[in-house]
file coords.pdb (PDB, C-alpha atoms)
ATOM      1  CA  GLY A   1      16.812  15.367   4.083  1.00  0.00           C
ATOM      2  CA  ASP A   2      17.266  12.101   5.919  1.00  0.00           C
ATOM      3  CA  SER A   3      17.254   8.950   3.840  1.00  0.00           C
ATOM      4  CA  VAL A   4      17.718   5.191   4.049  1.00  0.00           C
ATOM      5  CA  THR A   5      19.187   2.986   1.337  1.00  0.00           C
ATOM      6  CA  GLN A   6      18.736  -0.753   1.379  1.00  0.00           C
ATOM      7  CA  MET A   7      20.284  -3.539  -0.576  1.00  0.00           C
ATOM      8  CA  GLU A   8      18.206  -4.195  -3.629  1.00  0.00           C
ATOM      9  CA  GLY A   9      16.187  -7.337  -3.799  1.00  0.00           C
ATOM     10  CA  PRO A  10      14.783  -9.731  -4.282  1.00  0.00           C
ATOM     11  CA  VAL A  11      17.062 -11.999  -2.280  1.00  0.00           C
ATOM     12  CA  THR A  12      16.649 -15.765  -2.563  1.00  0.00           C
ATOM     13  CA  LEU A  13      18.455 -18.150  -0.235  1.00  0.00           C
ATOM     14  CA  SER A  14      18.289 -21.770   0.771  1.00  0.00           C
ATOM     15  CA  GLU A  15      17.199 -22.774   4.245  1.00  0.00           C
ATOM     16  CA  GLU A  16      19.988 -22.554   6.856  1.00  0.00           C
ATOM     17  CA  ALA A  17      21.986 -20.076   4.765  1.00  0.00           C
ATOM     18  CA  PHE A  18      23.543 -16.967   6.291  1.00  0.00           C
ATOM     19  CA  LEU A  19      21.653 -13.745   5.632  1.00  0.00           C
ATOM     20  CA  THR A  20      22.866 -10.172   5.326  1.00  0.00           C
ATOM     21  CA  ILE A  21      20.665  -7.327   4.168  1.00  0.00           C
ATOM     22  CA  ASN A  22      22.613  -4.096   3.884  1.00  0.00           C
ATOM     23  CA  CYS A  23      21.233  -0.791   5.104  1.00  0.00           C
ATOM     24  CA  THR A  24      22.944   2.584   5.114  1.00  0.00           C
ATOM     25  CA  TYR A  25      21.525   5.925   6.113  1.00  0.00           C
ATOM     26  CA  THR A  26      22.038   9.640   5.718  1.00  0.00           C
ATOM     27  CA  ALA A  27      21.014  11.848   8.609  1.00  0.00           C
ATOM     28  CA  THR A  28      22.061  15.163  10.061  1.00  0.00           C
ATOM     29  CA  GLY A  29      21.798  14.098  13.679  1.00  0.00           C
ATOM     30  CA  TYR A  30      21.875  10.846  15.609  1.00  0.00           C
ATOM     31  CA  PRO A  31      18.783   8.915  14.649  1.00  0.00           C
ATOM     32  CA  SER A  32      17.332   5.761  16.083  1.00  0.00           C
ATOM     33  CA  LEU A  33      17.437   2.855  13.644  1.00  0.00           C
ATOM     34  CA  PHE A  34      14.879   0.131  13.079  1.00  0.00           C
ATOM     35  CA  TRP A  35      14.221  -2.994  11.086  1.00  0.00           C
ATOM     36  CA  TYR A  36      10.591  -3.812  10.327  1.00  0.00           C
ATOM     37  CA  VAL A  37       9.289  -6.992   8.717  1.00  0.00           C
ATOM     38  CA  GLN A  38       6.176  -7.474   6.595  1.00  0.00           C
ATOM     39  CA  TYR A  39       5.067 -11.076   6.168  1.00  0.00           C
ATOM     40  CA  PRO A  40       2.890 -11.902   3.160  1.00  0.00           C
ATOM     41  CA  GLY A  41      -0.565 -10.394   3.503  1.00  0.00           C
ATOM     42  CA  GLU A  42       0.196  -8.742   6.830  1.00  0.00           C
ATOM     43  CA  GLY A  43       1.026  -5.331   8.231  1.00  0.00           C
ATOM     44  CA  LEU A  44       4.355  -4.109   9.549  1.00  0.00           C
ATOM     45  CA  GLN A  45       5.984  -5.522  12.667  1.00  0.00           C
ATOM     46  CA  LEU A  46       8.989  -4.160  14.474  1.00  0.00           C
ATOM     47  CA  LEU A  47      11.812  -6.687  14.267  1.00  0.00           C
ATOM     48  CA  LEU A  48      14.551  -4.877  16.181  1.00  0.00           C
ATOM     49  CA  LYS A  49      15.912  -1.435  16.948  1.00  0.00           C
ATOM     50  CA  ALA A  50      18.987   0.441  18.154  1.00  0.00           C
ATOM     51  CA  THR A  51      18.960   3.918  19.589  1.00  0.00           C
ATOM     52  CA  LYS A  52      22.632   4.894  19.726  1.00  0.00           C
ATOM     53  CA  ALA A  53      25.991   4.114  18.188  1.00  0.00           C
ATOM     54  CA  ASP A  54      27.361   0.602  18.810  1.00  0.00           C
ATOM     55  CA  ASP A  55      24.015  -0.640  20.114  1.00  0.00           C
ATOM     56  CA  LYS A  56      23.060  -4.073  18.856  1.00  0.00           C
ATOM     57  CA  GLY A  57      19.422  -4.895  18.320  1.00  0.00           C
ATOM     58  CA  SER A  58      18.370  -8.535  18.230  1.00  0.00           C
ATOM     59  CA  ASN A  59      15.206 -10.566  17.933  1.00  0.00           C
ATOM     60  CA  LYS A  60      14.196 -13.988  16.552  1.00  0.00           C
ATOM     61  CA  GLY A  61      17.810 -14.762  15.657  1.00  0.00           C
ATOM     62  CA  PHE A  62      18.225 -11.526  13.699  1.00  0.00           C
ATOM     63  CA  GLU A  63      20.830  -8.953  14.681  1.00  0.00           C
ATOM     64  CA  ALA A  64      21.871  -5.502  13.555  1.00  0.00           C
ATOM     65  CA  THR A  65      24.540  -3.172  14.960  1.00  0.00           C
ATOM     66  CA  TYR A  66      24.349   0.613  14.782  1.00  0.00           C
ATOM     67  CA  ARG A  67      27.602   1.666  13.107  1.00  0.00           C
ATOM     68  CA  LYS A  68      27.989   5.428  13.221  1.00  0.00           C
ATOM     69  CA  GLU A  69      31.360   5.448  11.447  1.00  0.00           C
ATOM     70  CA  THR A  70      29.922   3.700   8.404  1.00  0.00           C
ATOM     71  CA  THR A  71      26.336   5.000   8.853  1.00  0.00           C
ATOM     72  CA  SER A  72      25.092   1.440   8.554  1.00  0.00           C
ATOM     73  CA  PHE A  73      22.644  -0.912  10.229  1.00  0.00           C
ATOM     74  CA  HIS A  74      22.985  -4.203   8.373  1.00  0.00           C
ATOM     75  CA  LEU A  75      20.587  -7.017   9.227  1.00  0.00           C
ATOM     76  CA  GLU A  76      22.058 -10.500   9.763  1.00  0.00           C
ATOM     77  CA  LYS A  77      20.861 -13.966  10.644  1.00  0.00           C
ATOM     78  CA  GLY A  78      23.050 -17.008  10.926  1.00  0.00           C
ATOM     79  CA  SER A  79      20.599 -19.624   9.669  1.00  0.00           C
ATOM     80  CA  VAL A  80      17.426 -18.602   7.889  1.00  0.00           C
ATOM     81  CA  GLN A  81      14.192 -20.556   7.775  1.00  0.00           C
ATOM     82  CA  VAL A  82      11.400 -20.730   5.241  1.00  0.00           C
ATOM     83  CA  SER A  83       9.244 -18.789   7.704  1.00  0.00           C
ATOM     84  CA  ASP A  84      11.633 -15.809   7.406  1.00  0.00           C
ATOM     85  CA  SER A  85      10.359 -15.160   3.886  1.00  0.00           C
ATOM     86  CA  ALA A  86       9.041 -11.595   3.997  1.00  0.00           C
ATOM     87  CA  VAL A  87       9.824  -8.031   3.031  1.00  0.00           C
ATOM     88  CA  TYR A  88      12.295  -6.290   5.347  1.00  0.00           C
ATOM     89  CA  PHE A  89      12.385  -2.524   5.803  1.00  0.00           C
ATOM     90  CA  CYS A  90      15.178  -0.511   7.358  1.00  0.00           C
ATOM     91  CA  ALA A  91      14.080   2.801   8.857  1.00  0.00           C
ATOM     92  CA  LEU A  92      15.372   5.729  10.870  1.00  0.00           C
ATOM     93  CA  ARG A  93      13.755   8.224  13.168  1.00  0.00           C
ATOM     94  CA  GLN A  94      15.100  11.587  14.307  1.00  0.00           C
ATOM     95  CA  GLY A  95      13.830  12.687  17.681  1.00  0.00           C
ATOM     96  CA  ALA A  96      10.075  12.565  17.905  1.00  0.00           C
ATOM     97  CA  GLN A  97       9.618  12.791  14.168  1.00  0.00           C
ATOM     98  CA  LYS A  98       8.361  10.431  11.517  1.00  0.00           C
ATOM     99  CA  LEU A  99       9.949   7.177  10.429  1.00  0.00           C
ATOM    100  CA  VAL A 100      11.877   7.341   7.171  1.00  0.00           C
ATOM    101  CA  PHE A 101      11.887   3.988   5.376  1.00  0.00           C
ATOM    102  CA  GLY A 102      14.181   2.319   2.915  1.00  0.00           C
ATOM    103  CA  GLN A 103      12.726   0.783  -0.198  1.00  0.00           C
ATOM    104  CA  GLY A 104      12.356  -2.684   1.305  1.00  0.00           C
ATOM    105  CA  THR A 105      14.081  -5.957   0.473  1.00  0.00           C
ATOM    106  CA  ARG A 106      12.033  -9.006  -0.444  1.00  0.00           C
ATOM    107  CA  LEU A 107      13.530 -12.200   0.974  1.00  0.00           C
ATOM    108  CA  THR A 108      12.543 -15.665  -0.178  1.00  0.00           C
ATOM    109  CA  ILE A 109      13.857 -18.766   1.557  1.00  0.00           C
ATOM    110  CA  ASN A 110      13.616 -22.059  -0.298  1.00  0.00           C
ATOM    111  CA  PRO A 111      13.454 -25.378   1.561  1.00  0.00           C
TER     112      PRO A 111
ATOM    113  CA  SER B   1       3.071  -2.145  23.447  1.00  0.00           C
ATOM    114  CA  ALA B   2       0.166  -0.608  21.594  1.00  0.00           C
ATOM    115  CA  VAL B   3      -2.514  -2.624  19.831  1.00  0.00           C
ATOM    116  CA  ILE B   4      -3.907  -0.918  16.766  1.00  0.00           C
ATOM    117  CA  SER B   5      -7.087  -1.941  14.968  1.00  0.00           C
ATOM    118  CA  GLN B   6      -7.893  -0.695  11.511  1.00  0.00           C
ATOM    119  CA  LYS B   7     -11.163  -0.909   9.620  1.00  0.00           C
ATOM    120  CA  PRO B   8     -11.798  -1.907   6.942  1.00  0.00           C
ATOM    121  CA  SER B   9      -9.024  -4.445   6.555  1.00  0.00           C
ATOM    122  CA  ARG B  10      -9.735  -4.760   2.833  1.00  0.00           C
ATOM    123  CA  ASP B  11     -12.102  -3.149   0.383  1.00  0.00           C
ATOM    124  CA  ILE B  12     -12.746  -2.854  -3.301  1.00  0.00           C
ATOM    125  CA  CYS B  13     -13.887   0.652  -4.172  1.00  0.00           C
ATOM    126  CA  GLN B  14     -15.435   2.243  -7.201  1.00  0.00           C
ATOM    127  CA  ARG B  15     -13.617   5.006  -8.990  1.00  0.00           C
ATOM    128  CA  GLY B  16     -14.795   8.451  -7.882  1.00  0.00           C
ATOM    129  CA  THR B  17     -16.046   7.354  -4.464  1.00  0.00           C
ATOM    130  CA  SER B  18     -14.553   8.096  -1.057  1.00  0.00           C
ATOM    131  CA  LEU B  19     -13.689   5.726   1.750  1.00  0.00           C
ATOM    132  CA  THR B  20     -12.968   6.407   5.400  1.00  0.00           C
ATOM    133  CA  ILE B  21     -10.478   4.246   7.255  1.00  0.00           C
ATOM    134  CA  GLN B  22     -10.699   4.027  11.016  1.00  0.00           C
ATOM    135  CA  CYS B  23      -7.810   3.525  13.405  1.00  0.00           C
ATOM    136  CA  GLN B  24      -8.445   2.573  17.035  1.00  0.00           C
ATOM    137  CA  VAL B  25      -5.657   2.267  19.612  1.00  0.00           C
ATOM    138  CA  ASP B  26      -5.905   0.460  22.922  1.00  0.00           C
ATOM    139  CA  SER B  27      -4.118   3.251  24.804  1.00  0.00           C
ATOM    140  CA  GLN B  28      -3.922   7.019  24.697  1.00  0.00           C
ATOM    141  CA  VAL B  29      -1.299   8.321  22.301  1.00  0.00           C
ATOM    142  CA  THR B  30      -0.401  11.834  21.285  1.00  0.00           C
ATOM    143  CA  MET B  31       1.141  11.228  17.888  1.00  0.00           C
ATOM    144  CA  MET B  32      -0.440   9.211  15.112  1.00  0.00           C
ATOM    145  CA  PHE B  33       0.886   8.794  11.608  1.00  0.00           C
ATOM    146  CA  TRP B  34      -0.847   7.703   8.420  1.00  0.00           C
ATOM    147  CA  TYR B  35       1.278   5.954   5.792  1.00  0.00           C
ATOM    148  CA  ARG B  36       0.594   4.730   2.294  1.00  0.00           C
ATOM    149  CA  GLN B  37       2.247   1.705   0.727  1.00  0.00           C
ATOM    150  CA  GLN B  38       1.659   1.394  -2.997  1.00  0.00           C
ATOM    151  CA  PRO B  39       1.978  -2.071  -4.547  1.00  0.00           C
ATOM    152  CA  GLY B  40       5.535  -3.349  -4.291  1.00  0.00           C
ATOM    153  CA  GLN B  41       6.746  -0.070  -2.818  1.00  0.00           C
ATOM    154  CA  SER B  42       7.993   1.227   0.490  1.00  0.00           C
ATOM    155  CA  LEU B  43       5.988   3.282   2.945  1.00  0.00           C
ATOM    156  CA  THR B  44       5.372   6.962   2.417  1.00  0.00           C
ATOM    157  CA  LEU B  45       4.094   9.229   5.165  1.00  0.00           C
ATOM    158  CA  ILE B  46       0.836  10.964   4.307  1.00  0.00           C
ATOM    159  CA  ALA B  47       0.362  13.045   7.439  1.00  0.00           C
ATOM    160  CA  THR B  48       0.907  13.338  11.159  1.00  0.00           C
ATOM    161  CA  ALA B  49      -2.254  13.606  13.240  1.00  0.00           C
ATOM    162  CA  ASN B  50      -1.927  15.010  16.737  1.00  0.00           C
ATOM    163  CA  GLN B  51      -4.944  15.327  18.975  1.00  0.00           C
ATOM    164  CA  GLY B  52      -6.092  18.888  19.379  1.00  0.00           C
ATOM    165  CA  SER B  53      -4.475  20.248  16.250  1.00  0.00           C
ATOM    166  CA  GLU B  54      -4.869  19.990  12.518  1.00  0.00           C
ATOM    167  CA  ALA B  55      -3.031  17.245  10.727  1.00  0.00           C
ATOM    168  CA  THR B  56       0.320  18.078   9.161  1.00  0.00           C
ATOM    169  CA  TYR B  57       0.622  16.825   5.583  1.00  0.00           C
ATOM    170  CA  GLU B  58       3.752  15.758   3.773  1.00  0.00           C
ATOM    171  CA  SER B  59       4.743  17.108   0.416  1.00  0.00           C
ATOM    172  CA  GLY B  60       2.524  15.662  -2.288  1.00  0.00           C
ATOM    173  CA  PHE B  61      -0.459  15.051  -0.008  1.00  0.00           C
ATOM    174  CA  VAL B  62      -3.287  17.520   0.542  1.00  0.00           C
ATOM    175  CA  ILE B  63      -6.155  17.771   2.964  1.00  0.00           C
ATOM    176  CA  ASP B  64      -8.811  17.827   0.249  1.00  0.00           C
ATOM    177  CA  LYS B  65      -7.695  14.413  -0.976  1.00  0.00           C
ATOM    178  CA  PHE B  66      -6.856  12.860   2.405  1.00  0.00           C
ATOM    179  CA  PRO B  67      -8.881  14.552   5.154  1.00  0.00           C
ATOM    180  CA  ILE B  68      -7.991  13.318   8.631  1.00  0.00           C
ATOM    181  CA  SER B  69      -9.851  13.492  11.897  1.00  0.00           C
ATOM    182  CA  ARG B  70      -8.380  13.035  15.357  1.00  0.00           C
ATOM    183  CA  PRO B  71     -11.221  13.498  17.838  1.00  0.00           C
ATOM    184  CA  ASN B  72      -9.465  11.971  20.844  1.00  0.00           C
ATOM    185  CA  LEU B  73      -6.275  10.279  22.006  1.00  0.00           C
ATOM    186  CA  THR B  74      -7.277   6.759  20.919  1.00  0.00           C
ATOM    187  CA  PHE B  75      -8.927   7.248  17.534  1.00  0.00           C
ATOM    188  CA  SER B  76      -8.305   8.698  14.091  1.00  0.00           C
ATOM    189  CA  THR B  77      -9.773   8.454  10.615  1.00  0.00           C
ATOM    190  CA  LEU B  78      -8.273   8.919   7.177  1.00  0.00           C
ATOM    191  CA  THR B  79     -10.548   9.498   4.199  1.00  0.00           C
ATOM    192  CA  VAL B  80      -9.363   8.791   0.685  1.00  0.00           C
ATOM    193  CA  SER B  81     -11.489  11.072  -1.485  1.00  0.00           C
ATOM    194  CA  ASN B  82     -12.539  10.816  -5.100  1.00  0.00           C
ATOM    195  CA  MET B  83     -10.557   7.640  -5.557  1.00  0.00           C
ATOM    196  CA  SER B  84      -8.767   6.607  -8.711  1.00  0.00           C
ATOM    197  CA  PRO B  85      -6.886   3.371  -9.481  1.00  0.00           C
ATOM    198  CA  GLU B  86      -3.662   5.129  -8.475  1.00  0.00           C
ATOM    199  CA  ASP B  87      -4.997   5.215  -4.907  1.00  0.00           C
ATOM    200  CA  SER B  88      -4.925   1.416  -4.725  1.00  0.00           C
ATOM    201  CA  SER B  89      -2.601   0.904  -1.780  1.00  0.00           C
ATOM    202  CA  ILE B  90      -2.240  -0.294   1.732  1.00  0.00           C
ATOM    203  CA  TYR B  91      -2.985   2.492   4.188  1.00  0.00           C
ATOM    204  CA  LEU B  92      -1.371   2.072   7.576  1.00  0.00           C
ATOM    205  CA  CYS B  93      -1.987   3.822  10.842  1.00  0.00           C
ATOM    206  CA  SER B  94       0.900   4.024  13.273  1.00  0.00           C
ATOM    207  CA  VAL B  95       1.459   5.365  16.766  1.00  0.00           C
ATOM    208  CA  VAL B  96       4.358   6.063  19.072  1.00  0.00           C
ATOM    209  CA  GLY B  97       4.255   3.794  22.091  1.00  0.00           C
ATOM    210  CA  GLY B  98       5.564   4.527  25.546  1.00  0.00           C
ATOM    211  CA  GLY B  99       6.091   8.276  25.195  1.00  0.00           C
ATOM    212  CA  GLN B 100       7.481  10.576  22.559  1.00  0.00           C
ATOM    213  CA  THR B 101      11.245  10.131  22.755  1.00  0.00           C
ATOM    214  CA  ALA B 102      13.392   9.060  19.858  1.00  0.00           C
ATOM    215  CA  GLY B 103      13.933   5.483  20.927  1.00  0.00           C
ATOM    216  CA  ASN B 104      10.341   4.648  21.538  1.00  0.00           C
ATOM    217  CA  THR B 105       8.816   2.104  19.288  1.00  0.00           C
ATOM    218  CA  ILE B 106       6.421   3.025  16.516  1.00  0.00           C
ATOM    219  CA  TYR B 107       3.662   0.460  16.171  1.00  0.00           C
ATOM    220  CA  PHE B 108       1.645  -0.215  13.057  1.00  0.00           C
ATOM    221  CA  GLY B 109      -1.840  -1.443  12.431  1.00  0.00           C
ATOM    222  CA  GLU B 110      -2.461  -4.360  10.084  1.00  0.00           C
ATOM    223  CA  GLY B 111      -3.252  -1.948   7.299  1.00  0.00           C
ATOM    224  CA  SER B 112      -6.268  -1.301   5.125  1.00  0.00           C
ATOM    225  CA  TRP B 113      -5.800  -2.841   1.680  1.00  0.00           C
ATOM    226  CA  LEU B 114      -7.749  -0.793  -0.849  1.00  0.00           C
ATOM    227  CA  THR B 115      -8.271  -1.665  -4.477  1.00  0.00           C
ATOM    228  CA  VAL B 116      -9.906   0.940  -6.713  1.00  0.00           C
ATOM    229  CA  VAL B 117     -11.634  -0.336  -9.849  1.00  0.00           C
TER     230      VAL B 117
END
call {"tool": "encode", "arguments": {"input": "coords.pdb", "output": "structure tokens"}}
result
Amino acid sequence: GDSVTQMEGPVTLSEEAFLTINCTYTATGYPSLFWYVQYPGEGLQLLLKATKADDKGSNKGFEATYRKETTSFHLEKGSVQVSDSAVYFCALRQGAQKLVFGQGTRLTINP
Amino acid sequence: SAVISQKPSRDICQRGTSLTIQCQVDSQVTMMFWYRQQPGQSLTLIATANQGSEATYESGFVIDKFPISRPNLTFSTLTVSNMSPEDSSIYLCSVVGGGQTAGNTIYFGEGSWLTVV
């Protein structure tokens, strides 16, 4: 079945560092891809999405590009802030079906 | 976007009891999903609840343990029955916003954080 594999955490960076969280997927068709973020003590929020190959999703300084050839959707940010500390989930969705999540990556940003 | 309210937001439950979680959406939606997030883990789909039909459960989840109601297009409940400490989790309701196509966003409630003692 479809699956999502994320870079293992936890990840700890200093403020203003460059961030990459790797995400690769396995799917039989052409899924839509998502990054969700879960801040401490809160529910899940959509961070960004891409629905077809070569699409770039972006929000709050985060970006991710849908790479069909490498089946990847890596999350990047040029300069992280303490407020970016959270758990990040990569997910895919085939058609009108359920979301399939990766295992999550905990990110901690130190001042 | 869809605004989703869940109740209760948090609860501490006694072993062997049951608890019903409510999910209210501010717009009519066809598809609703219930997820579980165990401590430090990712999200696992429990079931899909479509209005007018019985819920569809994922492997490892059964109706007797997690009965679901979907009486209309804006509301659903999930009951966690005969709870044990292993049921301590965040339970999240989610809906598809803006139609049913692949690219449409799935929105989540804030979650119901249950601790079973």
call {"tool": "atom_distance", "arguments": {"input": "coords.pdb", "atom1": "CA of Ser5 (chain B)", "atom2": "CA of Glu58 (chain B)"}}
result
23.6 Å
call {"tool": "atom_distance", "arguments": {"input": "coords.pdb", "atom1": "CA of Cys23 (chain A)", "atom2": "CA of Pro39 (chain B)"}}
result
21.6 Å
call {"tool": "residues_near_point", "arguments": {"input": "coords.pdb", "point": "(16.2, 6.4, 16.1)", "cutoff": "10 Å", "atoms": "only C-alpha atoms", "output": "ChimeraX atom specification"}}
result
/A:29-34,49-52,91-100 /B:101-105
call {"tool": "write_last_selection", "arguments": {"input": "coords.pdb", "atoms": "C-alpha atoms", "output": "compact mmCIF listing (two decimals), in the coordinates of the input"}}
result
# COMPACT_ATOMS: atom_id res chain seq x y z
CA GLY A 29 21.80 14.10 13.68
CA TYR A 30 21.88 10.85 15.61
CA PRO A 31 18.78 8.91 14.65
CA SER A 32 17.33 5.76 16.08
CA LEU A 33 17.44 2.86 13.64
CA PHE A 34 14.88 0.13 13.08
CA LYS A 49 15.91 -1.44 16.95
CA ALA A 50 18.99 0.44 18.15
CA THR A 51 18.96 3.92 19.59
CA LYS A 52 22.63 4.89 19.73
CA ALA A 91 14.08 2.80 8.86
CA LEU A 92 15.37 5.73 10.87
CA ARG A 93 13.76 8.22 13.17
CA GLN A 94 15.10 11.59 14.31
CA GLY A 95 13.83 12.69 17.68
CA ALA A 96 10.07 12.56 17.90
CA GLN A 97 9.62 12.79 14.17
CA LYS A 98 8.36 10.43 11.52
CA LEU A 99 9.95 7.18 10.43
CA VAL A 100 11.88 7.34 7.17
CA THR B 101 11.24 10.13 22.76
CA ALA B 102 13.39 9.06 19.86
CA GLY B 103 13.93 5.48 20.93
CA ASN B 104 10.34 4.65 21.54
CA THR B 105 8.82 2.10 19.29
call {"tool": "closest_atom_pairs", "arguments": {"input": "coords.pdb", "of": "chain B", "to": "chain A", "cutoff": "9 Å", "atoms": "all atoms listed in the file", "output": "tab-separated table"}}
result
residue	atom	partner	partner_atom	distance
B:Phe33	CA	A:Lys98	CA	7.7
B:Gly40	CA	A:Gly104	CA	8.8
B:Gln41	CA	A:Gln103	CA	6.6
B:Ser42	CA	A:Gln103	CA	4.8
B:Leu43	CA	A:Phe101	CA	6.4
B:Thr44	CA	A:Phe101	CA	7.7
B:Leu45	CA	A:Lys98	CA	7.7
B:Thr48	CA	A:Lys98	CA	8.0
B:Ile90	CA	A:Gly43	CA	8.8
B:Leu92	CA	A:Gly43	CA	7.8
B:Val96	CA	A:Ala96	CA	8.7
B:Gln100	CA	A:Ala96	CA	5.7
B:Thr101	CA	A:Ala96	CA	5.6
B:Ala102	CA	A:Gly95	CA	4.3
B:Gly103	CA	A:Thr51	CA	5.4
B:Asn104	CA	A:Ala96	CA	8.7
B:Thr105	CA	A:Leu46	CA	7.9
B:Ile106	CA	A:Leu46	CA	7.9
B:Tyr107	CA	A:Leu46	CA	7.3
B:Phe108	CA	A:Leu44	CA	5.9
B:Gly109	CA	A:Gly43	CA	6.4
B:Glu110	CA	A:Gly43	CA	4.1
B:Gly111	CA	A:Gly43	CA	5.5
B:Ser112	CA	A:Gly43	CA	8.9
call {"tool": "resolve_selection", "arguments": {"input": "coords.pdb", "expression": "the PyMOL selection byres ((chain B and resi 85) around 9)", "output": "PDB file with C-alpha atoms, keeping the file's coordinate frame"}}
result
ATOM      1  CA  GLN B  14     -15.435   2.243  -7.201  1.00  0.00           C
ATOM      2  CA  ARG B  15     -13.617   5.006  -8.990  1.00  0.00           C
ATOM      3  CA  MET B  83     -10.557   7.640  -5.557  1.00  0.00           C
ATOM      4  CA  SER B  84      -8.767   6.607  -8.711  1.00  0.00           C
ATOM      5  CA  GLU B  86      -3.662   5.129  -8.475  1.00  0.00           C
ATOM      6  CA  ASP B  87      -4.997   5.215  -4.907  1.00  0.00           C
ATOM      7  CA  SER B  88      -4.925   1.416  -4.725  1.00  0.00           C
ATOM      8  CA  THR B 115      -8.271  -1.665  -4.477  1.00  0.00           C
ATOM      9  CA  VAL B 116      -9.906   0.940  -6.713  1.00  0.00           C
ATOM     10  CA  VAL B 117     -11.634  -0.336  -9.849  1.00  0.00           C
TER      11      VAL B 117
END
call {"tool": "residues_around", "arguments": {"input": "coords.pdb", "residues": "Arg67 (chain A)", "least_positions_apart": "4", "cutoff": "9 Å", "atoms": "all atoms listed in the file", "output": "ChimeraX atom specification"}}
result
/A:52-55,71-74
call {"tool": "atom_distance", "arguments": {"input": "coords.pdb", "atom1": "CA of Glu8 (chain A)", "atom2": "CA of Ile46 (chain B)"}}
result
24.4 Å
call {"tool": "resolve_selection", "arguments": {"input": "coords.pdb", "expression": "the PyMOL selection byres ((chain A and resi 60) around 10)", "output": "list in words"}}
result
Leu47, Leu48, Ser58, Asn59, Gly61, Phe62, Glu63, Lys77 and Asp84 of chain A
call {"tool": "residues_around", "arguments": {"input": "coords.pdb", "residues": "Pro71 (chain B)", "least_positions_apart": "2", "cutoff": "12 Å", "atoms": "all atoms listed in the file", "output": "PyMOL selection string"}}
result
chain B and resi 22-24+28+30+32+49-55+68-69+73-78
call {"tool": "closest_residue", "arguments": {"input": "coords.pdb", "among": "B:Ala47, B:Leu19, B:Val25, B:Ile12", "to": "Ser59 (chain B)", "atoms": "only C-alpha atoms"}}
result
B:Ala47
call {"tool": "axis_aligned_box", "arguments": {"input": "coords.pdb", "around": "region 72-79 of chain B", "padding_each_side": "6 Å", "output": "JSON"}}
result
{"center_x": -8.4, "center_y": 9.4, "center_z": 13.1, "size_x": 16.3, "size_y": 17.2, "size_z": 29.8}
call {"tool": "residues_near_point", "arguments": {"input": "coords.pdb", "point": "(24.5, -26.7, 8.8)", "cutoff": "9 Å", "atoms": "only C-alpha atoms", "output": "list in words"}}
result
Glu16, Ala17 and Ser79 of chain A
call {"tool": "resolve_selection", "arguments": {"input": "coords.pdb", "expression": "the PyMOL selection byres ((chain A and resi 111) around 7)", "output": "list of chain:residue names"}}
result
A:Ser14, A:Glu15, A:Val82, A:Ile109, A:Asn110
call {"tool": "closest_residue", "arguments": {"input": "coords.pdb", "among": "B:Asn82, B:Asp26, B:Thr56, B:Arg36", "to": "Val3 (chain B)", "atoms": "only C-alpha atoms"}}
result
B:Asp26
call {"tool": "closest_residue", "arguments": {"input": "coords.pdb", "among": "A:Thr12, A:Asn22, A:Gly1, A:Ala86", "to": "Tyr36 (chain A)", "atoms": "all atoms listed in the file"}}
result
A:Ala86
call {"tool": "decode", "arguments": {"input": "coords.pdb", "residues": "region 44-69 of chain A", "atoms": "C-alpha atoms", "output": "mmCIF file, in the first residue's frame"}}
result
data_model
loop_
_atom_site.group_PDB
_atom_site.id
_atom_site.type_symbol
_atom_site.label_atom_id
_atom_site.label_comp_id
_atom_site.auth_asym_id
_atom_site.auth_seq_id
_atom_site.Cartn_x
_atom_site.Cartn_y
_atom_site.Cartn_z
ATOM 1 C CA LEU A 44 -2.743 19.487 13.308
ATOM 2 C CA GLN A 45 -2.513 22.408 10.903
ATOM 3 C CA LEU A 46 -1.906 22.250 7.193
ATOM 4 C CA LEU A 47 1.410 23.918 6.406
ATOM 5 C CA LEU A 48 1.562 23.494 2.633
ATOM 6 C CA LYS A 49 0.550 21.173 -0.174
ATOM 7 C CA ALA A 50 1.276 20.238 -3.783
ATOM 8 C CA THR A 51 -1.096 18.394 -6.047
ATOM 9 C CA LYS A 52 1.029 17.467 -9.061
ATOM 10 C CA ALA A 53 4.604 16.907 -10.138
ATOM 11 C CA ASP A 54 6.905 19.955 -10.014
ATOM 12 C CA ASP A 55 4.399 21.957 -7.977
ATOM 13 C CA LYS A 56 5.951 23.940 -5.160
ATOM 14 C CA GLY A 57 3.985 24.499 -1.994
ATOM 15 C CA SER A 58 4.964 27.371 0.276
ATOM 16 C CA ASN A 59 3.778 28.993 3.468
ATOM 17 C CA LYS A 60 5.349 30.897 6.392
ATOM 18 C CA GLY A 61 8.775 30.711 4.752
ATOM 19 C CA PHE A 62 8.576 26.937 4.309
ATOM 20 C CA GLU A 63 8.755 25.347 0.872
ATOM 21 C CA ALA A 64 8.481 21.876 -0.588
ATOM 22 C CA THR A 65 8.601 20.735 -4.222
ATOM 23 C CA TYR A 66 6.796 17.666 -5.536
ATOM 24 C CA ARG A 67 9.514 15.590 -7.211
ATOM 25 C CA LYS A 68 7.986 12.682 -9.087
ATOM 26 C CA GLU A 69 11.319 11.348 -10.361
#
